[in-house]
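To be precise, the following lines are protein_22.cif, and they hold mmCIF, C-alpha atoms.
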data_protein
loop_
_atom_site.label_atom_id
_atom_site.label_comp_id
_atom_site.auth_asym_id
_atom_site.auth_seq_id
_atom_site.Cartn_x
_atom_site.Cartn_y
_atom_site.Cartn_z
CA MET P 193 -9.80 40.75 2.65
CA THR P 194 -13.37 41.35 1.50
CA GLU P 195 -15.96 38.61 1.72
CA SER P 196 -16.38 36.62 -1.50
CA PRO P 197 -19.78 37.07 -3.19
CA ASN P 198 -19.37 33.60 -4.69
CA PRO P 199 -20.80 30.97 -2.31
CA ASP P 200 -18.04 28.47 -3.15
CA GLY P 201 -15.39 31.02 -2.26
CA ALA P 202 -17.09 31.92 1.00
CA ARG P 203 -17.53 28.24 1.88
CA ALA P 204 -13.89 27.44 1.04
CA ARG P 205 -12.61 30.18 3.33
CA GLU P 206 -15.06 29.24 6.09
CA LEU P 207 -13.92 25.59 6.05
CA ASP P 208 -10.28 26.62 5.81
CA SER P 209 -10.66 28.56 9.06
CA SER P 210 -12.90 26.12 10.92
CA ALA P 211 -11.82 22.62 9.82
CA VAL P 212 -8.22 22.66 8.54
CA PHE P 213 -5.21 22.53 10.89
CA HIS P 214 -2.50 24.54 9.14
CA SER P 215 1.25 23.99 9.03
CA TRP P 216 3.76 26.51 10.43
CA SER P 217 0.90 28.75 11.53
CA THR P 218 -1.26 29.89 14.38
CA GLN P 219 -4.73 28.48 13.91
CA GLY P 220 -6.71 31.62 14.65
CA GLY P 221 -7.43 34.70 12.57
CA ARG P 222 -6.75 33.22 9.16
CA ASP P 223 -7.86 35.16 6.07
CA ALA P 224 -6.63 33.18 3.08
CA ILE P 225 -7.30 33.58 -0.63
CA ALA P 226 -9.42 30.67 -1.85
CA ILE P 227 -7.81 29.48 -5.07
CA ALA P 228 -10.34 28.02 -7.51
CA GLY P 229 -8.25 27.37 -10.62
CA GLY P 230 -5.08 28.09 -12.49
CA LEU P 231 -3.29 27.97 -15.82
CA GLY P 232 0.39 28.50 -16.51
CA SER P 233 1.68 31.26 -14.23
CA THR P 234 -1.77 32.51 -13.22
CA VAL P 235 -4.31 31.41 -10.61
CA TRP P 236 -7.75 32.82 -9.82
CA ASP P 237 -10.19 32.82 -6.95
CA HIS P 238 -13.88 31.88 -6.97
CA ASP P 239 -14.85 35.42 -7.95
CA GLY P 240 -12.60 35.30 -11.01
CA ARG P 241 -9.92 37.62 -9.68
CA ARG P 242 -6.61 36.65 -11.25
CA TYR P 243 -3.19 36.56 -9.60
CA LEU P 244 0.31 36.10 -10.97
CA ASP P 245 1.67 33.14 -9.02
CA PHE P 246 5.23 34.36 -8.46
CA ALA P 247 5.70 31.83 -5.66
CA SER P 248 4.84 28.76 -7.77
CA GLN P 249 2.71 27.94 -4.70
CA LEU P 250 5.57 26.62 -2.53
CA VAL P 251 8.26 26.81 -5.22
CA ASN P 252 7.04 23.57 -6.76
CA VAL P 253 4.76 24.28 -9.73
CA ASN P 254 7.72 24.39 -12.12
CA ILE P 255 5.84 23.37 -15.26
CA GLY P 256 2.98 25.76 -14.47
CA HIS P 257 -0.60 25.16 -13.45
CA GLN P 258 -2.70 22.63 -15.34
CA HIS P 259 -0.20 21.65 -18.02
CA PRO P 260 -2.37 19.58 -20.36
CA ALA P 261 0.16 16.80 -20.92
CA VAL P 262 0.57 16.19 -17.19
CA VAL P 263 -3.16 16.36 -16.46
CA GLU P 264 -3.86 13.96 -19.32
CA ALA P 265 -1.18 11.51 -18.12
CA ILE P 266 -2.64 11.42 -14.60
CA THR P 267 -6.16 10.94 -15.98
CA ARG P 268 -5.03 8.13 -18.28
CA GLN P 269 -3.14 6.37 -15.50
CA ALA P 270 -6.10 6.68 -13.10
CA ALA P 271 -8.28 4.96 -15.67
CA THR P 272 -5.71 2.16 -16.12
CA LEU P 273 -4.39 1.45 -12.60
CA ALA P 274 -4.94 3.96 -9.82
CA THR P 275 -2.66 2.36 -7.23
CA VAL P 276 -0.21 -0.50 -6.83
CA ALA P 277 1.98 -1.69 -3.97
CA PRO P 278 5.72 -0.94 -4.21
CA ASN P 279 6.68 -4.64 -4.10
CA HIS P 280 5.21 -5.18 -7.57
CA ALA P 281 6.91 -4.18 -10.79
CA ASN P 282 5.06 -1.38 -12.51
CA LEU P 283 5.86 0.07 -15.93
CA VAL P 284 5.18 3.73 -15.22
CA ARG P 285 7.28 3.56 -12.03
CA GLY P 286 10.18 2.11 -13.97
CA GLU P 287 9.79 4.73 -16.71
CA ALA P 288 9.85 7.53 -14.15
CA ALA P 289 12.98 6.11 -12.49
CA GLN P 290 14.78 5.73 -15.80
CA ARG P 291 13.99 9.27 -16.89
CA ILE P 292 15.37 10.63 -13.63
CA LEU P 293 18.51 8.50 -13.91
CA ASP P 294 19.06 9.72 -17.47
CA LEU P 295 19.08 13.28 -16.13
CA ALA P 296 21.24 12.48 -13.09
CA GLY P 297 24.16 10.93 -14.96
CA PRO P 298 26.14 7.68 -15.03
CA ALA P 299 27.18 7.66 -11.37
CA PHE P 300 23.60 6.79 -10.35
CA ASN P 301 21.70 3.58 -10.96
CA ARG P 302 18.58 3.49 -8.75
CA VAL P 303 15.77 5.77 -7.56
CA PHE P 304 14.01 5.23 -4.23
CA PHE P 305 10.61 6.93 -4.43
CA THR P 306 8.98 8.70 -1.50
CA ASN P 307 5.89 10.84 -0.97
CA GLY P 308 7.77 14.14 -0.80
CA GLY P 309 11.00 15.93 0.00
CA ALA P 310 11.10 15.42 3.75
CA ASP P 311 10.89 11.64 3.60
CA ALA P 312 13.40 11.68 0.74
CA VAL P 313 15.88 13.40 3.07
CA GLU P 314 14.91 11.01 5.86
CA ASN P 315 15.75 7.98 3.75
CA ALA P 316 18.94 9.50 2.37
CA ILE P 317 20.15 9.97 5.94
CA ARG P 318 19.20 6.37 6.71
CA MET P 319 21.15 5.12 3.69
CA ALA P 320 24.22 7.17 4.59
CA ARG P 321 24.28 5.90 8.16
CA LEU P 322 23.84 2.28 7.12
CA VAL P 323 26.48 2.42 4.37
CA THR P 324 29.13 4.18 6.46
CA GLY P 325 28.35 2.66 9.86
CA ARG P 326 28.60 6.18 11.25
CA ASP P 327 26.00 8.34 12.97
CA THR P 328 26.61 12.08 12.64
CA VAL P 329 25.03 14.19 9.91
CA LEU P 330 26.44 17.65 9.21
CA SER P 331 24.08 20.26 7.74
CA ALA P 332 23.97 24.02 7.50
CA TYR P 333 22.34 26.42 9.92
CA ARG P 334 20.78 28.22 6.98
CA SER P 335 18.84 25.31 5.57
CA TYR P 336 15.48 23.61 5.42
CA HIS P 337 15.18 19.87 4.76
CA GLY P 338 11.59 18.98 5.70
CA ASN P 339 9.28 18.20 8.58
CA THR P 340 9.96 14.58 9.53
CA GLY P 341 12.09 13.23 12.37
CA ALA P 342 15.66 13.50 11.09
CA ALA P 343 14.90 15.98 8.29
CA ILE P 344 13.56 18.65 10.63
CA VAL P 345 16.55 18.29 12.99
CA ALA P 346 18.91 18.47 10.01
CA THR P 347 17.18 21.75 9.18
CA GLY P 348 19.18 24.69 10.45
CA ASP P 349 16.53 27.36 10.94
CA TRP P 350 14.25 27.92 13.96
CA ARG P 351 11.90 25.09 13.01
CA ARG P 352 14.34 22.46 14.29
CA ILE P 353 14.32 23.83 17.84
CA PRO P 354 10.86 22.63 18.99
CA ASN P 355 11.39 19.33 17.17
CA ARG P 356 14.72 18.09 18.53
CA PHE P 357 14.12 14.40 18.97
CA ALA P 358 16.53 12.87 16.44
CA ARG P 359 20.11 12.03 17.27
CA GLY P 360 23.45 12.77 15.69
CA HIS P 361 22.99 16.18 14.05
CA VAL P 362 25.63 18.91 13.93
CA HIS P 363 25.31 22.24 12.12
CA PHE P 364 27.77 24.57 10.41
CA PHE P 365 27.62 27.92 8.64
CA GLY P 366 27.51 27.90 4.86
CA PRO P 367 28.47 30.80 2.60
CA TYR P 368 26.30 33.95 2.56
CA LEU P 369 28.47 36.88 1.50
CA TYR P 370 25.85 39.57 2.11
CA ARG P 371 25.79 38.59 5.79
CA SER P 372 29.13 36.82 6.00
CA GLU P 373 30.00 34.92 9.15
CA PHE P 374 33.61 34.96 8.01
CA TRP P 375 34.36 38.68 7.47
CA ALA P 376 34.83 37.92 3.78
CA GLY P 377 35.16 40.65 1.17
CA SER P 378 34.64 38.68 -2.04
CA PRO P 379 32.83 35.55 -3.22
CA GLU P 380 36.13 33.71 -3.49
CA GLU P 381 37.11 34.66 0.05
CA GLU P 382 33.68 33.65 1.35
CA SER P 383 34.02 30.26 -0.34
CA GLN P 384 37.52 29.63 1.03
CA ARG P 385 36.65 30.66 4.57
CA ALA P 386 33.36 28.74 4.63
CA LEU P 387 35.21 25.62 3.49
CA ARG P 388 37.85 26.10 6.15
CA HIS P 389 35.10 26.46 8.76
CA LEU P 390 33.47 23.23 7.56
CA GLU P 391 36.84 21.48 7.64
CA ARG P 392 37.34 22.54 11.26
CA VAL P 393 33.86 21.27 12.20
CA ILE P 394 34.70 17.91 10.61
CA GLU P 395 38.00 17.77 12.50
CA ALA P 396 36.38 18.80 15.79
CA GLU P 397 33.52 16.30 15.51
CA GLY P 398 35.85 13.49 14.40
CA PRO P 399 35.76 12.49 10.72
CA SER P 400 35.31 8.82 11.57
CA THR P 401 31.95 9.60 13.24
CA ILE P 402 30.39 11.50 10.33
CA ALA P 403 28.10 9.65 7.96
CA ALA P 404 27.02 12.48 5.67
CA ILE P 405 27.29 16.12 4.78
CA LEU P 406 23.78 17.21 3.78
CA ILE P 407 23.49 20.47 1.85
CA GLU P 408 21.03 22.15 -0.46
CA ALA P 409 22.50 22.86 -3.88
CA ILE P 410 21.05 26.36 -3.47
CA PRO P 411 19.59 26.91 0.01
CA GLY P 412 16.06 28.01 -0.79
CA SER P 413 13.92 28.77 2.26
CA SER P 414 16.97 30.37 3.87
CA GLY P 415 17.29 33.00 1.17
CA VAL P 416 18.18 31.54 -2.27
CA LEU P 417 21.86 31.50 -1.33
CA VAL P 418 23.65 30.79 -4.60
CA PRO P 419 26.99 29.16 -3.67
CA PRO P 420 30.16 31.11 -4.45
CA PRO P 421 32.79 29.75 -6.86
CA GLY P 422 34.42 26.52 -5.72
CA TYR P 423 32.22 25.92 -2.69
CA LEU P 424 30.33 22.83 -3.83
CA ARG P 425 33.49 21.35 -5.29
CA GLY P 426 35.27 22.00 -2.00
CA VAL P 427 32.55 20.28 0.01
CA ARG P 428 32.79 17.29 -2.32
CA GLU P 429 36.56 17.14 -1.78
CA LEU P 430 36.22 17.31 2.01
CA ALA P 431 33.63 14.55 2.02
CA SER P 432 35.72 12.30 -0.22
CA ARG P 433 38.87 12.86 1.82
CA HIS P 434 37.19 11.61 5.00
CA GLY P 435 34.97 8.85 3.61
CA ILE P 436 31.83 10.92 4.24
CA LEU P 437 28.85 10.66 1.88
CA LEU P 438 27.75 13.86 0.20
CA VAL P 439 23.96 14.25 0.07
CA ILE P 440 22.70 17.14 -2.05
CA ASP P 441 19.15 18.28 -1.48
CA GLU P 442 17.61 19.33 -4.81
CA VAL P 443 14.01 19.28 -3.54
CA MET P 444 13.52 22.99 -4.24
CA SER P 445 16.33 23.78 -6.67
CA GLY P 446 15.96 20.89 -9.12
CA PHE P 447 13.98 20.25 -12.29
CA GLY P 448 14.40 23.61 -13.97
CA ARG P 449 14.04 25.93 -11.00
CA ALA P 450 17.63 27.19 -11.27
CA GLY P 451 17.69 26.94 -15.07
CA GLU P 452 19.24 23.46 -14.86
CA TRP P 453 17.83 19.97 -14.37
CA PHE P 454 19.90 19.83 -11.16
CA ALA P 455 21.32 22.99 -9.65
CA HIS P 456 24.49 21.33 -8.35
CA ARG P 457 25.60 20.93 -11.97
CA ALA P 458 25.28 24.65 -12.75
CA ASP P 459 28.08 27.10 -13.47
CA PHE P 460 28.50 29.12 -10.29
CA GLY P 461 31.22 31.37 -11.65
CA ASP P 462 34.21 29.07 -12.08
CA GLY P 463 32.99 26.78 -14.84
CA ARG P 464 30.77 23.76 -14.52
CA GLU P 465 32.11 22.01 -11.48
CA SER P 466 30.70 18.56 -12.23
CA VAL P 467 30.18 17.87 -8.55
CA VAL P 468 28.96 14.29 -8.21
CA PRO P 469 27.11 13.59 -4.95
CA ASP P 470 26.58 10.15 -3.45
CA LEU P 471 22.86 10.75 -2.99
CA VAL P 472 20.47 13.37 -4.39
CA THR P 473 17.05 14.10 -2.92
CA PHE P 474 14.25 15.53 -5.06
CA ALA P 475 10.51 16.25 -5.00
CA LYS P 476 8.57 19.44 -5.88
CA GLY P 477 9.48 20.20 -9.51
CA SER P 478 9.83 16.55 -10.55
CA ASN P 479 6.10 16.62 -11.33
CA SER P 480 5.23 20.15 -10.19
CA GLY P 481 3.33 18.78 -7.21
CA TYR P 482 0.39 17.60 -9.30
CA VAL P 483 0.50 14.38 -7.25
CA PRO P 484 2.76 14.17 -4.14
CA ALA P 485 6.12 12.58 -5.00
CA GLY P 486 9.77 12.69 -4.07
CA GLY P 487 12.74 10.42 -3.92
CA VAL P 488 16.42 9.66 -3.53
CA ILE P 489 18.69 9.22 -6.52
CA VAL P 490 21.16 6.55 -5.43
CA SER P 491 24.73 6.15 -6.63
CA GLU P 492 26.08 2.77 -7.73
CA ALA P 493 28.30 2.57 -4.67
CA VAL P 494 25.41 3.06 -2.26
CA THR P 495 23.20 0.64 -4.17
CA ALA P 496 25.94 -2.00 -3.98
CA ALA P 497 25.87 -1.89 -0.17
CA PHE P 498 22.32 -3.28 -0.27
CA THR P 499 22.83 -6.02 -2.86
CA ASP P 500 22.58 -8.70 -0.20
CA THR P 501 21.53 -6.54 2.74
CA VAL P 502 17.94 -5.48 3.32
CA PHE P 503 17.30 -1.75 3.19
CA PRO P 504 15.10 -1.17 6.27
CA GLY P 505 12.85 1.50 4.81
CA GLY P 506 9.77 1.82 2.67
CA LEU P 507 6.42 3.50 2.13
CA THR P 508 3.03 2.17 1.08
CA TYR P 509 2.84 4.78 -1.67
CA SER P 510 6.45 4.59 -2.84
CA GLY P 511 6.30 5.03 -6.60
CA HIS P 512 2.55 5.63 -6.65
CA PRO P 513 1.43 5.24 -10.27
CA LEU P 514 -0.42 8.56 -10.48
CA ALA P 515 2.65 10.38 -9.20
CA MET P 516 4.91 8.42 -11.53
CA ALA P 517 2.73 9.20 -14.55
CA ALA P 518 2.98 12.86 -13.60
CA ILE P 519 6.80 12.63 -13.39
CA VAL P 520 7.08 10.97 -16.80
CA ALA P 521 4.79 13.52 -18.42
CA THR P 522 6.50 16.45 -16.71
CA ILE P 523 10.01 15.44 -17.78
CA ASP P 524 8.88 14.63 -21.32
CA ALA P 525 7.04 17.94 -21.67
CA MET P 526 9.91 19.95 -20.20
CA LYS P 527 12.29 18.37 -22.69
CA ALA P 528 9.98 18.72 -25.69
CA GLU P 529 9.16 22.35 -24.92
CA GLY P 530 12.65 23.45 -23.83
CA ILE P 531 11.27 24.57 -20.48
CA VAL P 532 14.53 24.24 -18.52
CA GLU P 533 16.39 26.28 -21.11
CA HIS P 534 13.55 28.81 -21.09
CA ALA P 535 13.87 29.19 -17.31
CA ALA P 536 17.59 29.90 -17.69
CA THR P 537 16.90 32.55 -20.33
CA ILE P 538 14.15 34.17 -18.26
CA GLY P 539 16.56 34.49 -15.34
CA ALA P 540 19.48 35.80 -17.34
CA GLU P 541 17.62 38.20 -19.65
CA HIS P 542 14.47 39.26 -17.83
CA LEU P 543 14.02 38.40 -14.17
CA GLY P 544 17.59 39.00 -12.98
CA PRO P 545 18.11 42.32 -14.80
CA GLY P 546 14.64 43.51 -13.81
CA LEU P 547 15.11 42.74 -10.13
CA ARG P 548 18.53 44.38 -10.11
CA ALA P 549 16.99 47.50 -11.68
CA LEU P 550 14.44 47.55 -8.85
CA ALA P 551 17.27 47.34 -6.32
CA GLU P 552 18.90 50.37 -7.94
CA ALA P 553 15.63 52.29 -7.68
CA HIS P 554 14.75 51.36 -4.10
CA PRO P 555 17.33 51.76 -1.29
CA VAL P 556 15.13 49.51 0.87
CA ILE P 557 16.24 46.58 -1.32
CA GLY P 558 19.56 45.49 0.12
CA GLU P 559 20.40 42.62 -2.23
CA VAL P 560 18.99 40.63 -5.12
CA ARG P 561 20.37 37.15 -5.79
CA GLY P 562 19.41 34.07 -7.72
CA MET P 563 19.40 32.30 -11.06
CA GLY P 564 16.83 30.83 -13.42
CA VAL P 565 13.40 31.40 -11.87
CA PHE P 566 14.76 31.21 -8.32
CA TRP P 567 15.44 34.64 -6.76
CA ALA P 568 15.36 36.43 -3.43
CA VAL P 569 14.90 40.15 -2.81
CA GLU P 570 16.18 41.15 0.62
CA PHE P 571 14.75 44.28 2.26
CA VAL P 572 16.73 46.39 4.74
CA ASP P 573 16.09 49.54 6.76
CA ASP P 574 19.67 50.72 6.38
CA PRO P 575 21.65 49.77 3.25
CA ASP P 576 24.96 50.26 5.06
CA ALA P 577 24.15 48.45 8.31
CA ARG P 578 21.98 45.94 6.36
CA THR P 579 19.43 45.95 9.17
CA PRO P 580 16.43 43.84 8.15
CA VAL P 581 13.11 45.66 7.78
CA SER P 582 10.40 44.95 10.33
CA ALA P 583 7.79 42.24 10.15
CA ALA P 584 5.20 45.01 9.83
CA PHE P 585 6.92 46.31 6.68
CA MET P 586 6.87 42.84 5.11
CA ALA P 587 3.25 42.29 6.09
CA ALA P 588 2.28 45.57 4.46
CA LEU P 589 4.30 44.71 1.37
CA GLY P 590 2.64 41.31 1.11
CA ALA P 591 -0.81 42.88 1.40
CA ALA P 592 0.05 45.50 -1.23
CA LEU P 593 1.21 42.80 -3.64
CA ARG P 594 -1.88 40.65 -3.16
CA GLU P 595 -4.11 43.69 -3.66
CA ARG P 596 -2.40 44.18 -7.02
CA GLY P 597 -2.83 40.56 -8.11
CA PHE P 598 0.67 39.26 -7.28
CA LEU P 599 1.06 36.18 -5.08
CA PRO P 600 4.39 36.52 -3.21
CA LEU P 601 6.36 34.10 -1.08
CA ILE P 602 7.50 36.10 1.94
CA VAL P 603 10.17 34.71 4.28
CA GLU P 604 11.45 36.95 7.07
CA ASN P 605 12.73 40.17 5.41
CA ARG P 606 12.70 38.70 1.90
CA ILE P 607 10.42 38.12 -1.02
CA HIS P 608 11.32 34.94 -2.85
CA VAL P 609 10.54 35.50 -6.51
CA ALA P 610 9.95 32.06 -8.00
CA PRO P 611 7.43 31.99 -10.85
CA PRO P 612 6.85 28.81 -12.84
CA CYS P 613 9.56 27.90 -15.35
CA VAL P 614 7.04 28.61 -18.12
CA VAL P 615 6.58 32.27 -17.13
CA THR P 616 6.69 34.57 -20.16
CA PRO P 617 8.75 37.76 -20.58
CA ALA P 618 5.49 39.73 -20.60
CA GLU P 619 4.41 38.16 -17.30
CA VAL P 620 7.82 38.91 -15.80
CA ALA P 621 7.52 42.55 -16.90
CA ARG P 622 4.06 42.78 -15.37
CA GLY P 623 5.16 41.11 -12.14
CA LEU P 624 8.14 43.44 -11.80
CA ALA P 625 5.91 46.45 -12.38
CA LEU P 626 3.54 45.28 -9.64
CA LEU P 627 6.47 44.70 -7.29
CA ASP P 628 7.77 48.19 -8.05
CA GLU P 629 4.34 49.70 -7.33
CA ALA P 630 3.94 47.80 -4.08
CA VAL P 631 7.40 48.67 -2.76
CA THR P 632 6.84 52.33 -3.64
CA ALA P 633 3.48 52.35 -1.88
CA VAL P 634 4.84 50.83 1.33
CA GLU P 635 7.93 53.09 1.30
CA GLN P 636 5.65 56.13 1.08
CA ARG P 637 3.69 55.02 4.13
#
Encoded form using structure tokens:
Amino acid sequence: MTESPNPDGARARELDSSAVFHSWSTQGGRDAIAIAGGLGSTVWDHDGRRYLDFASQLVNVNIGHQHPAVVEAITRQAATLATVAPNHANLVRGEAAQRILDLAGPAFNRVFFTNGGADAVENAIRMARLVTGRDTVLSAYRSYHGNTGAAIVATGDWRRIPNRFARGHVHFFGPYLYRSEFWAGSPEEESQRALRHLERVIEAEGPSTIAAILIEAIPGSSGVLVPPPGYLRGVRELASRHGILLVIDEVMSGFGRAGEWFAHRADFGDGRESVVPDLVTFAKGSNSGYVPAGGVIVSEAVTAAFTDTVFPGGLTYSGHPLAMAAIVATIDAMKAEGIVEHAATIGAEHLGPGLRALAEAHPVIGEVRGMGVFWAVEFVDDPDARTPVSAAFMAALGAALRERGFLPLIVENRIHVAPPCVVTPAEVARGLALLDEAVTAVEQR
């Protein structure tokens, strides 16, 4: 990357390399773009170069950059009351909780606010263990739940391995037809066999020891793995049969990302399943990350367990008023502007068809999958063997995209295509054209 002629850009990159300790990264040799501003689906650096943000940063800027209603709400709240302890009643906190409950449905009656998705998962696990009196948490190998004690061990991917210091975690394989663990030949077969596998894990571990099944509605970091027909409903039935709490992680998939307020209520091919979890975790899109926030949506049954029993958990910034003002403004704006419905339309009519057309044109694209503004493009060396492309291929593809003004989210052999929910058809067309150009350029090398 060339040196920025703007002194602020140069200084930002210098400090990023010399003073900031970065997550999930080696600390040497960094060469990051210094983002100076943004609006909608576009960001720009200090030299004014513009980029389509087709990663929504970390799949969280659902309402787009610098939405005026959200910025104004934060500014107004900062001028009124910038912080307040969670033991006090606070109007904006209550308004945020009520708006979330209105979206979640009648089975839920409380929201426990956290600072982000990881501590939401952490506290959901705590609730499940206390309510059931059991210890074990089942979660999928292909999953990511956050970087705190229990959340990172509940995570299924490699990041749990150097962090194994929490007890009582067992993993299972969820459905992923393109790379099926179950020799399945159809979505229905994949669903049935994945459920049977989960049932056997429950039986082998002992149902009476299991507090919770923790799953992402749509596993995101693991590849945007849209569940096959009947899978979520089947997990709900297994949990209910054995007195296990079902915790659905909507941190990445909620608040419009999948074209629904909550992805677990979507139609995955067999009608709307109306799966009702016991606990739902959220963060990211609830206020598009303008101020850090997350939480647990708590069912009536779980709330009742703590009527006269202290819940042994809390955070200084639980329900922070700036974050709550951002949640209220985000939900109100998304409703008023039809942003969730827009995301569904973009996925069905523009992003999905466009990505599938790219897959037809490029044999190196093995599969495209997703919904709403939540998609993955998986790259393979051999379409028949489905051998993932090399890390060098993906690095070259990422560089080619950034050179063309497209910010990608690259995970292993995939590009996760996740623009803000407010992305326009014209921006989708431009982004797809840039992706086509970049793939062609790297193929030709």
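Relative to atom CA of Glu314 of chain P, atom CA of Glu492 of chain P is found at 19.4 Å.
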inquiry  = Residues within 12 Å of segment 590-592 of chain P, please, as a ChimeraX atom specification. Count all atoms listed in the file; anything in the same chain fewer than 6 positions from it doesn't count.
reply    = /P:193,223-225,583-584,598-608,626-635,637
At most 12 Å is the cut-off: for each residue in segment 589-619 of chain P with any atom that close to an atom of segment 467-480 of chain P, write down the nearest atom pair and the distance in Å rounded to one decimal, counting all atoms listed in the file, chain first then increasing number, as a tab-separated table.
residue	atom	partner	partner_atom	distance
P:Ala610	CA	P:Gly477	CA	12.0
P:Pro612	CA	P:Ser480	CA	9.2
P:Cys613	CA	P:Gly477	CA	9.7
P:Val614	CA	P:Ser480	CA	11.7
task = Using only C-alpha atoms, collect all residues at a distance of at most 7 Å from (17.3, 28.1, -9.3) as written in the file, then present them as an MDAnalysis selection string.
result = chainID P and resid 445 449:451 455 562:566
inquiry  = Which residues would end up in the selection if the PyMOL selection byres ((chain P and resi 490) around 8) were applied here, given that I need the answer as a ChimeraX atom specification?
reply    = /P:300-304,470-472,488-489,491-492,494-495
ask   = What is the distance between atom CA of Val427 of chain P and atom CA of Val329 of chain P, in Å to one decimal?
value = 13.8 Å
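The nearest approach to Glu397 of chain P among the residues P:Gly220, P:Gly412, P:Gly360, P:Gly377, with all atoms listed in the file taken into account, belongs to P:Gly360.
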task = Identify all residues satisfying the PyMOL selection byres ((chain P and resi 504-515) around 10) in the given file; provide them as a ChimeraX atom specification.
result = /P:265-270,272-279,282-286,288-289,303-308,311,314-315,318-319,322,478-479,481-487,498,501-503,516-521
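Residues captured in this structure file are P:Ile317, P:Arg318, P:Ala320, P:Arg321, P:Leu322, P:Thr324, P:Gly325, P:Arg326, P:Thr328, P:Val329, P:Arg359, P:Gly360, P:His361, P:Ser400, P:Thr401, P:Ile402, P:Ala403, P:Ala404, according to the PyMOL selection byres ((chain P and resi 327) around 10).
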Output C-alpha atoms for every residue in the selection just made, as a PDB file, keeping the file's coordinate frame.
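The resulting result.pdb:
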ATOM      1  CA  ILE P 317      20.150   9.970   5.940  1.00  0.00           C
ATOM      2  CA  ARG P 318      19.200   6.370   6.710  1.00  0.00           C
ATOM      3  CA  ALA P 320      24.220   7.170   4.590  1.00  0.00           C
ATOM      4  CA  ARG P 321      24.280   5.900   8.160  1.00  0.00           C
ATOM      5  CA  LEU P 322      23.840   2.280   7.120  1.00  0.00           C
ATOM      6  CA  THR P 324      29.130   4.180   6.460  1.00  0.00           C
ATOM      7  CA  GLY P 325      28.350   2.660   9.860  1.00  0.00           C
ATOM      8  CA  ARG P 326      28.600   6.180  11.250  1.00  0.00           C
ATOM      9  CA  THR P 328      26.610  12.080  12.640  1.00  0.00           C
ATOM     10  CA  VAL P 329      25.030  14.190   9.910  1.00  0.00           C
ATOM     11  CA  ARG P 359      20.110  12.030  17.270  1.00  0.00           C
ATOM     12  CA  GLY P 360      23.450  12.770  15.690  1.00  0.00           C
ATOM     13  CA  HIS P 361      22.990  16.180  14.050  1.00  0.00           C
ATOM     14  CA  SER P 400      35.310   8.820  11.570  1.00  0.00           C
ATOM     15  CA  THR P 401      31.950   9.600  13.240  1.00  0.00           C
ATOM     16  CA  ILE P 402      30.390  11.500  10.330  1.00  0.00           C
ATOM     17  CA  ALA P 403      28.100   9.650   7.960  1.00  0.00           C
ATOM     18  CA  ALA P 404      27.020  12.480   5.670  1.00  0.00           C
TER      19      ALA P 404
END
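Atom CA of Gly448 of chain P is positioned 10.0 Å from atom CA of Gly530 of chain P.
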Using all atoms listed in the file, find each residue of segment 426-478 of chain P with at least one atom at most 10 Å away from an atom of segment 336-342 of chain P; report its shortest atom-to-atom pair and that distance in Å (one decimal), sort the rows by chain and rising residue number, and return the result as a tab-separated table.
residue	atom	partner	partner_atom	distance
P:Asp441	CA	P:His337	CA	7.6
P:Glu442	CA	P:His337	CA	9.9
P:Val443	CA	P:His337	CA	8.4
P:Met444	CA	P:His337	CA	9.7
P:Thr473	CA	P:His337	CA	9.8
query = Using only C-alpha atoms, which of the listed residues (P:Val439, P:Leu543, P:Ile255, P:Ala211) sits closest to Asp524 of chain P?
reply = P:Ile255
key: Non-local contacts of Ile227 of chain P (7 Å; only C-alpha atoms; under 4 positions in same chain excluded) as a PyMOL selection string   = chain P and resi 235-238
Any chance you could export the current selection's C-alpha atoms as a PDB file, keeping the file's coordinate frame?
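So the final result, stored in selection.pdb, reads:
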ATOM      1  CA  VAL P 235      -4.310  31.410 -10.610  1.00  0.00           C
ATOM      2  CA  TRP P 236      -7.750  32.820  -9.820  1.00  0.00           C
ATOM      3  CA  ASP P 237     -10.190  32.820  -6.950  1.00  0.00           C
ATOM      4  CA  HIS P 238     -13.880  31.880  -6.970  1.00  0.00           C
TER       5      HIS P 238
END
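When only C-alpha atoms are used to measure the gap to Ala299 of chain P, the shortest distance among P:Ser466, P:Gly240, P:Ala535, P:Phe585 belongs to P:Ser466.
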inquiry  = (7.4, 32.7, -16.0) in this file's frame - what residues fall within 12 Å of it? Use only C-alpha atoms and give the answer as a PyMOL selection string.
reply    = chain P and resi 231-234+244-248+253-257+448-449+451+531-532+534-539+542-543+564-566+609-624
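Residue nearest Pro580 of chain P within the list P:Glu287, P:Pro199, P:Ile557, P:Arg222: P:Ile557 [criterion: smallest interatomic distance, only C-alpha atoms].
Using all atoms listed in the file, the residues found no farther than 10 Å from Pro354 of chain P, other than those of its own chain fewer than 4 positions away, are Ile344, Val345 and Trp350 of chain P.
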